[in-house]
>>> print(open('structure-v7.cif').read())   # mmCIF, C-alpha atoms
data_query
loop_
_atom_site.label_atom_id
_atom_site.label_comp_id
_atom_site.auth_asym_id
_atom_site.auth_seq_id
_atom_site.Cartn_x
_atom_site.Cartn_y
_atom_site.Cartn_z
CA MET A 5 -27.14 -16.32 -5.70
CA VAL A 6 -25.15 -13.13 -5.42
CA LYS A 7 -22.03 -12.33 -3.43
CA MET A 8 -19.28 -9.83 -2.92
CA VAL A 9 -15.63 -10.85 -3.16
CA ILE A 10 -12.79 -8.99 -1.49
CA ALA A 11 -9.31 -9.81 -2.79
CA ILE A 12 -6.47 -8.87 -0.45
CA ARG A 13 -2.75 -8.64 -1.23
CA ARG A 14 -0.67 -11.11 0.69
CA ASP A 15 2.67 -9.58 -0.32
CA ILE A 16 2.39 -6.64 2.06
CA ASP A 17 2.75 -6.89 5.79
CA MET A 18 -0.59 -6.18 7.47
CA GLY A 19 -1.86 -7.35 10.85
CA LYS A 20 -5.33 -8.82 11.40
CA GLY A 21 -6.86 -5.47 12.34
CA LYS A 22 -5.39 -3.72 9.34
CA ILE A 23 -6.68 -6.41 6.99
CA ALA A 24 -10.12 -6.19 8.60
CA ALA A 25 -10.22 -2.41 8.13
CA GLN A 26 -9.14 -2.66 4.48
CA ALA A 27 -11.77 -5.32 3.77
CA ALA A 28 -14.36 -3.09 5.45
CA HIS A 29 -13.29 -0.13 3.26
CA ALA A 30 -13.71 -2.26 0.14
CA ALA A 31 -17.09 -3.60 1.23
CA VAL A 32 -18.44 -0.14 2.03
CA ALA A 33 -17.15 1.36 -1.23
CA CYS A 34 -18.75 -1.43 -3.28
CA THR A 35 -21.96 -1.16 -1.26
CA VAL A 36 -22.33 2.57 -1.94
CA LEU A 37 -21.48 2.13 -5.62
CA SER A 38 -23.85 -0.77 -6.11
CA MET A 39 -26.71 1.06 -4.36
CA LYS A 40 -26.29 3.75 -7.02
CA LYS A 41 -25.54 1.68 -10.08
CA ASN A 42 -27.09 -1.71 -9.54
CA LYS A 43 -29.88 -1.36 -7.00
CA LYS A 44 -31.61 -4.61 -7.92
CA ILE A 45 -28.52 -6.74 -7.37
CA PHE A 46 -27.70 -4.76 -4.23
CA ASN A 47 -31.15 -5.40 -2.74
CA GLU A 48 -30.95 -9.11 -3.51
CA TRP A 49 -27.49 -9.35 -1.96
CA TYR A 50 -28.33 -7.31 1.11
CA SER A 51 -31.63 -9.03 1.87
CA LEU A 52 -30.08 -12.48 1.51
CA GLY A 53 -27.39 -12.00 4.13
CA GLN A 54 -24.85 -9.94 2.15
CA LYS A 55 -22.56 -12.91 1.47
CA LYS A 56 -18.89 -12.03 1.32
CA VAL A 57 -15.87 -14.05 0.38
CA VAL A 58 -12.34 -12.92 1.20
CA VAL A 59 -9.55 -14.24 -1.01
CA LYS A 60 -5.83 -13.55 -1.29
CA VAL A 61 -3.83 -12.45 -4.32
CA ASP A 62 -0.06 -12.45 -4.77
CA ASN A 63 0.58 -8.81 -5.67
CA VAL A 64 -0.76 -5.49 -6.93
CA GLU A 65 -0.60 -6.63 -10.56
CA GLU A 66 -3.29 -9.19 -9.76
CA ILE A 67 -5.45 -6.43 -8.28
CA TYR A 68 -5.17 -4.42 -11.52
CA LYS A 69 -5.87 -7.53 -13.58
CA ILE A 70 -9.05 -8.17 -11.58
CA LYS A 71 -10.06 -4.52 -12.12
CA GLU A 72 -9.70 -4.93 -15.90
CA GLU A 73 -11.68 -8.16 -15.91
CA CYS A 74 -14.43 -6.48 -13.90
CA LYS A 75 -14.60 -3.65 -16.44
CA ASP A 76 -14.81 -6.14 -19.31
CA LEU A 77 -17.66 -8.04 -17.63
CA GLY A 78 -19.52 -4.96 -16.34
CA VAL A 79 -18.94 -5.85 -12.69
CA ILE A 80 -18.59 -3.17 -10.00
CA SER A 81 -15.19 -3.00 -8.36
CA GLU A 82 -13.29 -0.61 -6.11
CA ILE A 83 -9.55 -0.61 -5.50
CA ILE A 84 -8.64 0.42 -1.94
CA THR A 85 -5.57 2.50 -1.22
CA ASP A 86 -4.47 2.86 2.38
CA ALA A 87 -3.94 6.27 3.92
CA GLY A 88 -0.88 4.70 5.49
CA PHE A 89 -0.97 6.15 8.96
CA THR A 90 0.16 2.81 10.33
CA GLN A 91 2.05 -0.28 9.21
CA ILE A 92 2.35 0.42 5.47
CA MET A 93 3.41 3.25 3.14
CA PRO A 94 0.79 5.90 2.29
CA GLY A 95 -0.92 5.23 -1.01
CA THR A 96 -0.34 1.49 -0.95
CA VAL A 97 -2.99 -0.52 -2.78
CA THR A 98 -4.21 -3.09 -0.26
CA CYS A 99 -7.23 -4.82 -1.78
CA ILE A 100 -10.11 -4.71 -4.23
CA GLY A 101 -13.81 -5.13 -3.62
CA ILE A 102 -15.75 -6.89 -6.39
CA GLY A 103 -19.52 -6.93 -6.76
CA PRO A 104 -22.02 -7.70 -5.35
CA ASP A 105 -22.92 -9.66 -8.44
CA LYS A 106 -23.94 -13.13 -9.52
CA ASP A 107 -21.85 -16.02 -8.21
CA ASP A 108 -20.97 -17.41 -11.61
CA ILE A 109 -19.77 -14.08 -13.02
CA LEU A 110 -17.60 -13.42 -9.96
CA ASP A 111 -16.23 -16.96 -10.06
CA GLU A 112 -15.00 -16.28 -13.60
CA ILE A 113 -12.94 -13.42 -12.21
CA THR A 114 -11.88 -14.63 -8.77
CA GLY A 115 -12.64 -18.36 -8.68
CA LYS A 116 -8.97 -19.24 -9.02
CA TYR A 117 -7.88 -17.42 -5.87
CA LYS A 118 -7.66 -19.16 -2.51
CA LEU A 119 -9.56 -18.05 0.61
CA LEU A 120 -7.55 -15.82 2.91
CA MET B 27 -13.86 14.26 12.91
CA VAL B 28 -16.05 11.20 12.51
CA LYS B 29 -15.21 7.52 12.44
CA MET B 30 -16.61 4.03 12.56
CA VAL B 31 -15.39 1.51 15.12
CA ILE B 32 -15.62 -2.23 14.69
CA ALA B 33 -15.18 -4.27 17.87
CA ILE B 34 -14.30 -7.92 17.32
CA ARG B 35 -14.41 -10.77 19.83
CA ARG B 36 -11.05 -12.27 20.53
CA ASP B 37 -12.39 -15.25 22.49
CA ILE B 38 -13.57 -17.13 19.41
CA ASP B 39 -11.26 -18.80 16.96
CA MET B 40 -11.41 -17.00 13.62
CA GLY B 41 -8.77 -16.83 10.89
CA LYS B 42 -7.73 -13.59 9.17
CA GLY B 43 -10.18 -14.02 6.31
CA LYS B 44 -13.08 -14.77 8.65
CA ILE B 45 -12.30 -11.70 10.74
CA ALA B 46 -12.09 -9.57 7.59
CA ALA B 47 -15.48 -10.81 6.38
CA GLN B 48 -17.11 -10.15 9.77
CA ALA B 49 -15.66 -6.64 9.90
CA ALA B 50 -16.95 -6.04 6.38
CA HIS B 51 -20.44 -7.24 7.40
CA ALA B 52 -20.45 -4.81 10.32
CA ALA B 53 -19.21 -1.91 8.21
CA VAL B 54 -21.82 -2.49 5.50
CA ALA B 55 -24.65 -2.87 8.02
CA CYS B 56 -23.68 0.39 9.77
CA THR B 57 -23.25 2.13 6.42
CA VAL B 58 -26.74 1.22 5.24
CA LEU B 59 -28.27 2.15 8.60
CA SER B 60 -26.47 5.47 8.82
CA MET B 61 -27.42 6.41 5.24
CA LYS B 62 -31.05 6.05 6.36
CA LYS B 63 -30.89 7.47 9.86
CA ASN B 64 -28.01 9.89 9.98
CA LYS B 65 -27.29 11.06 6.43
CA LYS B 66 -25.32 14.15 7.45
CA ILE B 67 -22.85 12.22 9.58
CA PHE B 68 -22.67 9.51 6.92
CA ASN B 69 -21.81 12.02 4.21
CA GLU B 70 -19.13 13.63 6.35
CA TRP B 71 -17.62 10.28 7.20
CA TYR B 72 -17.75 8.92 3.65
CA SER B 73 -16.37 12.02 1.97
CA LEU B 74 -13.50 12.27 4.44
CA GLY B 75 -12.08 8.83 3.78
CA GLN B 76 -14.51 6.70 5.83
CA LYS B 77 -12.13 6.25 8.74
CA LYS B 78 -12.42 2.90 10.49
CA VAL B 79 -10.85 1.59 13.64
CA VAL B 80 -10.85 -2.10 14.51
CA VAL B 81 -10.57 -3.01 18.19
CA LYS B 82 -10.80 -6.24 20.15
CA VAL B 83 -13.09 -7.15 23.04
CA ASP B 84 -12.82 -10.09 25.42
CA ASN B 85 -16.23 -11.70 25.01
CA VAL B 86 -19.83 -11.42 23.88
CA GLU B 87 -20.84 -9.66 27.11
CA GLU B 88 -18.67 -6.72 26.06
CA ILE B 89 -20.44 -6.63 22.70
CA TYR B 90 -23.83 -6.37 24.44
CA LYS B 91 -22.47 -3.75 26.82
CA ILE B 92 -21.31 -1.66 23.86
CA LYS B 93 -24.75 -2.06 22.27
CA GLU B 94 -26.42 -0.70 25.40
CA GLU B 95 -24.02 2.24 25.63
CA CYS B 96 -24.70 3.04 21.97
CA LYS B 97 -28.44 3.05 22.63
CA ASP B 98 -27.97 5.36 25.62
CA LEU B 99 -25.89 7.81 23.58
CA GLY B 100 -27.98 7.60 20.40
CA VAL B 101 -25.18 6.03 18.37
CA ILE B 102 -25.88 3.62 15.53
CA SER B 103 -24.66 0.08 16.08
CA GLU B 104 -25.14 -3.34 14.51
CA ILE B 105 -24.29 -6.67 16.10
CA ILE B 106 -23.10 -9.24 13.56
CA THR B 107 -24.00 -12.90 13.88
CA ASP B 108 -22.18 -15.36 11.68
CA ALA B 109 -24.07 -17.78 9.48
CA GLY B 110 -21.52 -20.31 10.61
CA PHE B 111 -20.84 -22.20 7.42
CA THR B 112 -17.17 -22.34 8.35
CA GLN B 113 -14.97 -22.21 11.43
CA ILE B 114 -17.55 -21.26 14.09
CA MET B 115 -21.01 -22.35 15.26
CA PRO B 116 -24.04 -20.91 13.40
CA GLY B 117 -25.50 -17.90 15.17
CA THR B 118 -22.30 -16.92 16.93
CA VAL B 119 -22.00 -13.19 17.63
CA THR B 120 -18.67 -12.17 16.12
CA CYS B 121 -18.48 -8.38 16.27
CA ILE B 122 -20.30 -5.07 16.48
CA GLY B 123 -20.11 -2.09 14.18
CA ILE B 124 -20.43 1.32 15.86
CA GLY B 125 -21.11 4.60 14.10
CA PRO B 126 -20.07 6.40 12.02
CA ASP B 127 -20.25 9.17 14.58
CA LYS B 128 -18.10 11.81 16.20
CA ASP B 129 -14.71 10.73 17.52
CA ASP B 130 -15.31 11.90 21.07
CA ILE B 131 -18.65 10.13 21.44
CA LEU B 132 -17.23 6.87 20.09
CA ASP B 133 -14.17 7.20 22.32
CA GLU B 134 -16.50 7.29 25.32
CA ILE B 135 -17.83 3.90 24.29
CA THR B 136 -14.80 2.15 22.81
CA GLY B 137 -11.78 4.23 23.80
CA LYS B 138 -10.73 1.68 26.40
CA TYR B 139 -10.37 -1.19 23.95
CA LYS B 140 -7.07 -2.01 22.27
CA LEU B 141 -6.56 -2.13 18.53
CA LEU B 142 -6.86 -5.59 17.01
#
>>> encode(input="structure-v7.cif", output="structure tokens")
Amino acid sequence: MVKMVIAIRRDIDMGKGKIAAQAAHAAVACTVLSMKKNKKIFNEWYSLGQKKVVVKVDNVEEIYKIKEECKDLGVISEIITDAGFTQIMPGTVTCIGIGPDKDDILDEITGKYKLL
Amino acid sequence: MVKMVIAIRRDIDMGKGKIAAQAAHAAVACTVLSMKKNKKIFNEWYSLGQKKVVVKVDNVEEIYKIKEECKDLGVISEIITDAGFTQIMPGTVTCIGIGPDKDDILDEITGKYKLL
């Protein structure tokens, strides 16, 4: 099975709608990237219900750590930075989208994080 | 300017992570559809920061009403139904993704709804 994981910072103050928009940014960015770079995995993921898991991380350092681990394992990822019109400072890193990719590879990277 | 709107039901009990995942489903579904059907608008939207607005609606009837209005105005939309593994019943309609399309057209459809 394949999935996408979205890891969201819990150390910045965002309302439900803001979090939803950031997760949507991450999902779209990873979708577009994976359609270009990993069409086979994308098609499998999309046709099987585009499974997504949303987890929380403590801070921006964890986002960068996930990014490095994704690079090492050849997994698509996209860090999302908010334009900051509302609620938070412009340029704030809010979340990272990871995959879609195989469950077991993503679990290596994000399996330790709790569901949001 | 162009944007995508995601309208989420507030009459069903979903946590932050669930809402984020549903919004991400809607955004990805509308992205894939608009890449196929409305590439010019998609490119404009994506290259200009893929603006998204998340609003709340009272019930599923409002979701269907939005869907009809989108059809009438030729706007892309995708209703999202949750697989229901957690929190809510399988097959529950959770939200609708609308666009991307021009601000003024989307405001006709969703301008009356409040931000989530």
>>> calpha_fit_and_write(input="structure-v7.cif", fixed="chain A", moving="chain B", output="PDB file with C-alpha atoms, in the frame of the given file")
ATOM      1  CA  MET B  27     -27.164 -16.319  -5.741  1.00  0.00           C
ATOM      2  CA  VAL B  28     -25.151 -13.130  -5.426  1.00  0.00           C
ATOM      3  CA  LYS B  29     -22.030 -12.331  -3.458  1.00  0.00           C
ATOM      4  CA  MET B  30     -19.270  -9.830  -2.927  1.00  0.00           C
ATOM      5  CA  VAL B  31     -15.623 -10.850  -3.154  1.00  0.00           C
ATOM      6  CA  ILE B  32     -12.796  -8.999  -1.480  1.00  0.00           C
ATOM      7  CA  ALA B  33      -9.315  -9.811  -2.781  1.00  0.00           C
ATOM      8  CA  ILE B  34      -6.475  -8.866  -0.448  1.00  0.00           C
ATOM      9  CA  ARG B  35      -2.765  -8.635  -1.233  1.00  0.00           C
ATOM     10  CA  ARG B  36      -0.681 -11.094   0.676  1.00  0.00           C
ATOM     11  CA  ASP B  37       2.668  -9.575  -0.322  1.00  0.00           C
ATOM     12  CA  ILE B  38       2.382  -6.629   2.056  1.00  0.00           C
ATOM     13  CA  ASP B  39       2.745  -6.903   5.787  1.00  0.00           C
ATOM     14  CA  MET B  40      -0.584  -6.172   7.460  1.00  0.00           C
ATOM     15  CA  GLY B  41      -1.850  -7.341  10.848  1.00  0.00           C
ATOM     16  CA  LYS B  42      -5.325  -8.811  11.401  1.00  0.00           C
ATOM     17  CA  GLY B  43      -6.864  -5.479  12.350  1.00  0.00           C
ATOM     18  CA  LYS B  44      -5.366  -3.709   9.337  1.00  0.00           C
ATOM     19  CA  ILE B  45      -6.660  -6.406   7.002  1.00  0.00           C
ATOM     20  CA  ALA B  46     -10.109  -6.180   8.599  1.00  0.00           C
ATOM     21  CA  ALA B  47     -10.208  -2.402   8.137  1.00  0.00           C
ATOM     22  CA  GLN B  48      -9.131  -2.661   4.482  1.00  0.00           C
ATOM     23  CA  ALA B  49     -11.764  -5.310   3.785  1.00  0.00           C
ATOM     24  CA  ALA B  50     -14.356  -3.087   5.445  1.00  0.00           C
ATOM     25  CA  HIS B  51     -13.286  -0.126   3.265  1.00  0.00           C
ATOM     26  CA  ALA B  52     -13.706  -2.244   0.139  1.00  0.00           C
ATOM     27  CA  ALA B  53     -17.085  -3.589   1.224  1.00  0.00           C
ATOM     28  CA  VAL B  54     -18.440  -0.124   2.034  1.00  0.00           C
ATOM     29  CA  ALA B  55     -17.141   1.369  -1.220  1.00  0.00           C
ATOM     30  CA  CYS B  56     -18.750  -1.426  -3.276  1.00  0.00           C
ATOM     31  CA  THR B  57     -21.956  -1.147  -1.256  1.00  0.00           C
ATOM     32  CA  VAL B  58     -22.326   2.570  -1.926  1.00  0.00           C
ATOM     33  CA  LEU B  59     -21.474   2.133  -5.611  1.00  0.00           C
ATOM     34  CA  SER B  60     -23.853  -0.766  -6.108  1.00  0.00           C
ATOM     35  CA  MET B  61     -26.712   1.064  -4.354  1.00  0.00           C
ATOM     36  CA  LYS B  62     -26.302   3.766  -7.017  1.00  0.00           C
ATOM     37  CA  LYS B  63     -25.547   1.681 -10.078  1.00  0.00           C
ATOM     38  CA  ASN B  64     -27.088  -1.713  -9.556  1.00  0.00           C
ATOM     39  CA  LYS B  65     -29.892  -1.368  -7.005  1.00  0.00           C
ATOM     40  CA  LYS B  66     -31.621  -4.632  -7.910  1.00  0.00           C
ATOM     41  CA  ILE B  67     -28.525  -6.751  -7.372  1.00  0.00           C
ATOM     42  CA  PHE B  68     -27.708  -4.765  -4.235  1.00  0.00           C
ATOM     43  CA  ASN B  69     -31.143  -5.403  -2.759  1.00  0.00           C
ATOM     44  CA  GLU B  70     -30.941  -9.109  -3.517  1.00  0.00           C
ATOM     45  CA  TRP B  71     -27.500  -9.360  -1.994  1.00  0.00           C
ATOM     46  CA  TYR B  72     -28.327  -7.304   1.097  1.00  0.00           C
ATOM     47  CA  SER B  73     -31.618  -9.014   1.861  1.00  0.00           C
ATOM     48  CA  LEU B  74     -30.084 -12.467   1.502  1.00  0.00           C
ATOM     49  CA  GLY B  75     -27.404 -12.009   4.127  1.00  0.00           C
ATOM     50  CA  GLN B  76     -24.858  -9.963   2.132  1.00  0.00           C
ATOM     51  CA  LYS B  77     -22.573 -12.906   1.457  1.00  0.00           C
ATOM     52  CA  LYS B  78     -18.889 -12.025   1.334  1.00  0.00           C
ATOM     53  CA  VAL B  79     -15.873 -14.050   0.382  1.00  0.00           C
ATOM     54  CA  VAL B  80     -12.347 -12.925   1.202  1.00  0.00           C
ATOM     55  CA  VAL B  81      -9.550 -14.253  -1.004  1.00  0.00           C
ATOM     56  CA  LYS B  82      -5.842 -13.552  -1.297  1.00  0.00           C
ATOM     57  CA  VAL B  83      -3.828 -12.441  -4.320  1.00  0.00           C
ATOM     58  CA  ASP B  84      -0.062 -12.437  -4.766  1.00  0.00           C
ATOM     59  CA  ASN B  85       0.578  -8.812  -5.683  1.00  0.00           C
ATOM     60  CA  VAL B  86      -0.764  -5.498  -6.921  1.00  0.00           C
ATOM     61  CA  GLU B  87      -0.598  -6.644 -10.556  1.00  0.00           C
ATOM     62  CA  GLU B  88      -3.304  -9.194  -9.763  1.00  0.00           C
ATOM     63  CA  ILE B  89      -5.453  -6.434  -8.281  1.00  0.00           C
ATOM     64  CA  TYR B  90      -5.185  -4.424 -11.517  1.00  0.00           C
ATOM     65  CA  LYS B  91      -5.868  -7.536 -13.572  1.00  0.00           C
ATOM     66  CA  ILE B  92      -9.051  -8.155 -11.582  1.00  0.00           C
ATOM     67  CA  LYS B  93     -10.058  -4.520 -12.123  1.00  0.00           C
ATOM     68  CA  GLU B  94      -9.707  -4.921 -15.885  1.00  0.00           C
ATOM     69  CA  GLU B  95     -11.684  -8.169 -15.912  1.00  0.00           C
ATOM     70  CA  CYS B  96     -14.434  -6.474 -13.896  1.00  0.00           C
ATOM     71  CA  LYS B  97     -14.595  -3.647 -16.426  1.00  0.00           C
ATOM     72  CA  ASP B  98     -14.812  -6.141 -19.294  1.00  0.00           C
ATOM     73  CA  LEU B  99     -17.665  -8.029 -17.625  1.00  0.00           C
ATOM     74  CA  GLY B 100     -19.511  -4.956 -16.331  1.00  0.00           C
ATOM     75  CA  VAL B 101     -18.934  -5.842 -12.683  1.00  0.00           C
ATOM     76  CA  ILE B 102     -18.585  -3.177 -10.011  1.00  0.00           C
ATOM     77  CA  SER B 103     -15.190  -2.993  -8.349  1.00  0.00           C
ATOM     78  CA  GLU B 104     -13.282  -0.611  -6.095  1.00  0.00           C
ATOM     79  CA  ILE B 105      -9.545  -0.618  -5.487  1.00  0.00           C
ATOM     80  CA  ILE B 106      -8.640   0.429  -1.943  1.00  0.00           C
ATOM     81  CA  THR B 107      -5.562   2.505  -1.219  1.00  0.00           C
ATOM     82  CA  ASP B 108      -4.476   2.851   2.373  1.00  0.00           C
ATOM     83  CA  ALA B 109      -3.933   6.251   3.928  1.00  0.00           C
ATOM     84  CA  GLY B 110      -0.874   4.702   5.485  1.00  0.00           C
ATOM     85  CA  PHE B 111      -0.956   6.157   8.962  1.00  0.00           C
ATOM     86  CA  THR B 112       0.170   2.809  10.330  1.00  0.00           C
ATOM     87  CA  GLN B 113       2.043  -0.284   9.202  1.00  0.00           C
ATOM     88  CA  ILE B 114       2.353   0.417   5.454  1.00  0.00           C
ATOM     89  CA  MET B 115       3.417   3.250   3.136  1.00  0.00           C
ATOM     90  CA  PRO B 116       0.796   5.919   2.288  1.00  0.00           C
ATOM     91  CA  GLY B 117      -0.929   5.226  -1.008  1.00  0.00           C
ATOM     92  CA  THR B 118      -0.341   1.491  -0.953  1.00  0.00           C
ATOM     93  CA  VAL B 119      -3.004  -0.521  -2.785  1.00  0.00           C
ATOM     94  CA  THR B 120      -4.213  -3.083  -0.259  1.00  0.00           C
ATOM     95  CA  CYS B 121      -7.240  -4.809  -1.768  1.00  0.00           C
ATOM     96  CA  ILE B 122     -10.113  -4.706  -4.227  1.00  0.00           C
ATOM     97  CA  GLY B 123     -13.806  -5.139  -3.605  1.00  0.00           C
ATOM     98  CA  ILE B 124     -15.755  -6.899  -6.373  1.00  0.00           C
ATOM     99  CA  GLY B 125     -19.520  -6.946  -6.743  1.00  0.00           C
ATOM    100  CA  PRO B 126     -22.000  -7.699  -5.353  1.00  0.00           C
ATOM    101  CA  ASP B 127     -22.920  -9.668  -8.440  1.00  0.00           C
ATOM    102  CA  LYS B 128     -23.926 -13.140  -9.512  1.00  0.00           C
ATOM    103  CA  ASP B 129     -21.848 -16.037  -8.211  1.00  0.00           C
ATOM    104  CA  ASP B 130     -20.964 -17.414 -11.625  1.00  0.00           C
ATOM    105  CA  ILE B 131     -19.756 -14.093 -13.017  1.00  0.00           C
ATOM    106  CA  LEU B 132     -17.601 -13.434  -9.954  1.00  0.00           C
ATOM    107  CA  ASP B 133     -16.238 -16.980 -10.064  1.00  0.00           C
ATOM    108  CA  GLU B 134     -14.998 -16.278 -13.586  1.00  0.00           C
ATOM    109  CA  ILE B 135     -12.938 -13.419 -12.206  1.00  0.00           C
ATOM    110  CA  THR B 136     -11.881 -14.641  -8.768  1.00  0.00           C
ATOM    111  CA  GLY B 137     -12.647 -18.360  -8.678  1.00  0.00           C
ATOM    112  CA  LYS B 138      -8.977 -19.243  -9.016  1.00  0.00           C
ATOM    113  CA  TYR B 139      -7.889 -17.426  -5.872  1.00  0.00           C
ATOM    114  CA  LYS B 140      -7.673 -19.163  -2.507  1.00  0.00           C
ATOM    115  CA  LEU B 141      -9.542 -18.055   0.581  1.00  0.00           C
ATOM    116  CA  LEU B 142      -7.550 -15.825   2.912  1.00  0.00           C
TER     117      LEU B 142
END
>>> atom_distance(input="structure-v7.cif", atom1="atom CA of B:Val54", atom2="atom CA of A:Val57")
14.0 Å
>>> interface_residues(input="structure-v7.cif", of="chain A", to="chain B", cutoff="10 Å", atoms="only C-alpha atoms", output="number ranges by chain")
A: 9-10, 12, 19-36, 39, 50, 53-60, 86-87, 119-120
>>> resolve_selection(input="structure-v7.cif", expression="the PyMOL selection byres ((chain B and resi 119-122) around 6)", output="NGL selection string")
:B and (32-35 or 104-107 or 118 or 123)
>>> write_last_selection(input="structure-v7.cif", atoms="C-alpha atoms", output="mmCIF file, keeping the file's coordinate frame")
data_model
loop_
_atom_site.group_PDB
_atom_site.id
_atom_site.type_symbol
_atom_site.label_atom_id
_atom_site.label_comp_id
_atom_site.auth_asym_id
_atom_site.auth_seq_id
_atom_site.Cartn_x
_atom_site.Cartn_y
_atom_site.Cartn_z
ATOM 1 C CA ILE B 32 -15.620 -2.230 14.690
ATOM 2 C CA ALA B 33 -15.180 -4.270 17.870
ATOM 3 C CA ILE B 34 -14.300 -7.920 17.320
ATOM 4 C CA ARG B 35 -14.410 -10.770 19.830
ATOM 5 C CA GLU B 104 -25.140 -3.340 14.510
ATOM 6 C CA ILE B 105 -24.290 -6.670 16.100
ATOM 7 C CA ILE B 106 -23.100 -9.240 13.560
ATOM 8 C CA THR B 107 -24.000 -12.900 13.880
ATOM 9 C CA THR B 118 -22.300 -16.920 16.930
ATOM 10 C CA GLY B 123 -20.110 -2.090 14.180
#
>>> residues_around(input="structure-v7.cif", residues="B:Ile135", least_positions_apart="6", cutoff="10 Å", atoms="all atoms listed in the file", output="MDAnalysis selection string")
chainID B and resid 31 91:96 99 101 124
>>> resolve_selection(input="structure-v7.cif", expression="the PyMOL selection byres ((chain A and resi 109) around 12)", output="PyMOL selection string")
chain A and resi 5-9+73-74+76-80+102-108+110-115
>>> atom_distance(input="structure-v7.cif", atom1="atom CA of A:Lys75", atom2="atom CA of A:Ile16")
25.3 Å
>>> atom_distance(input="structure-v7.cif", atom1="atom CA of B:Val83", atom2="atom CA of B:Arg36")
6.1 Å
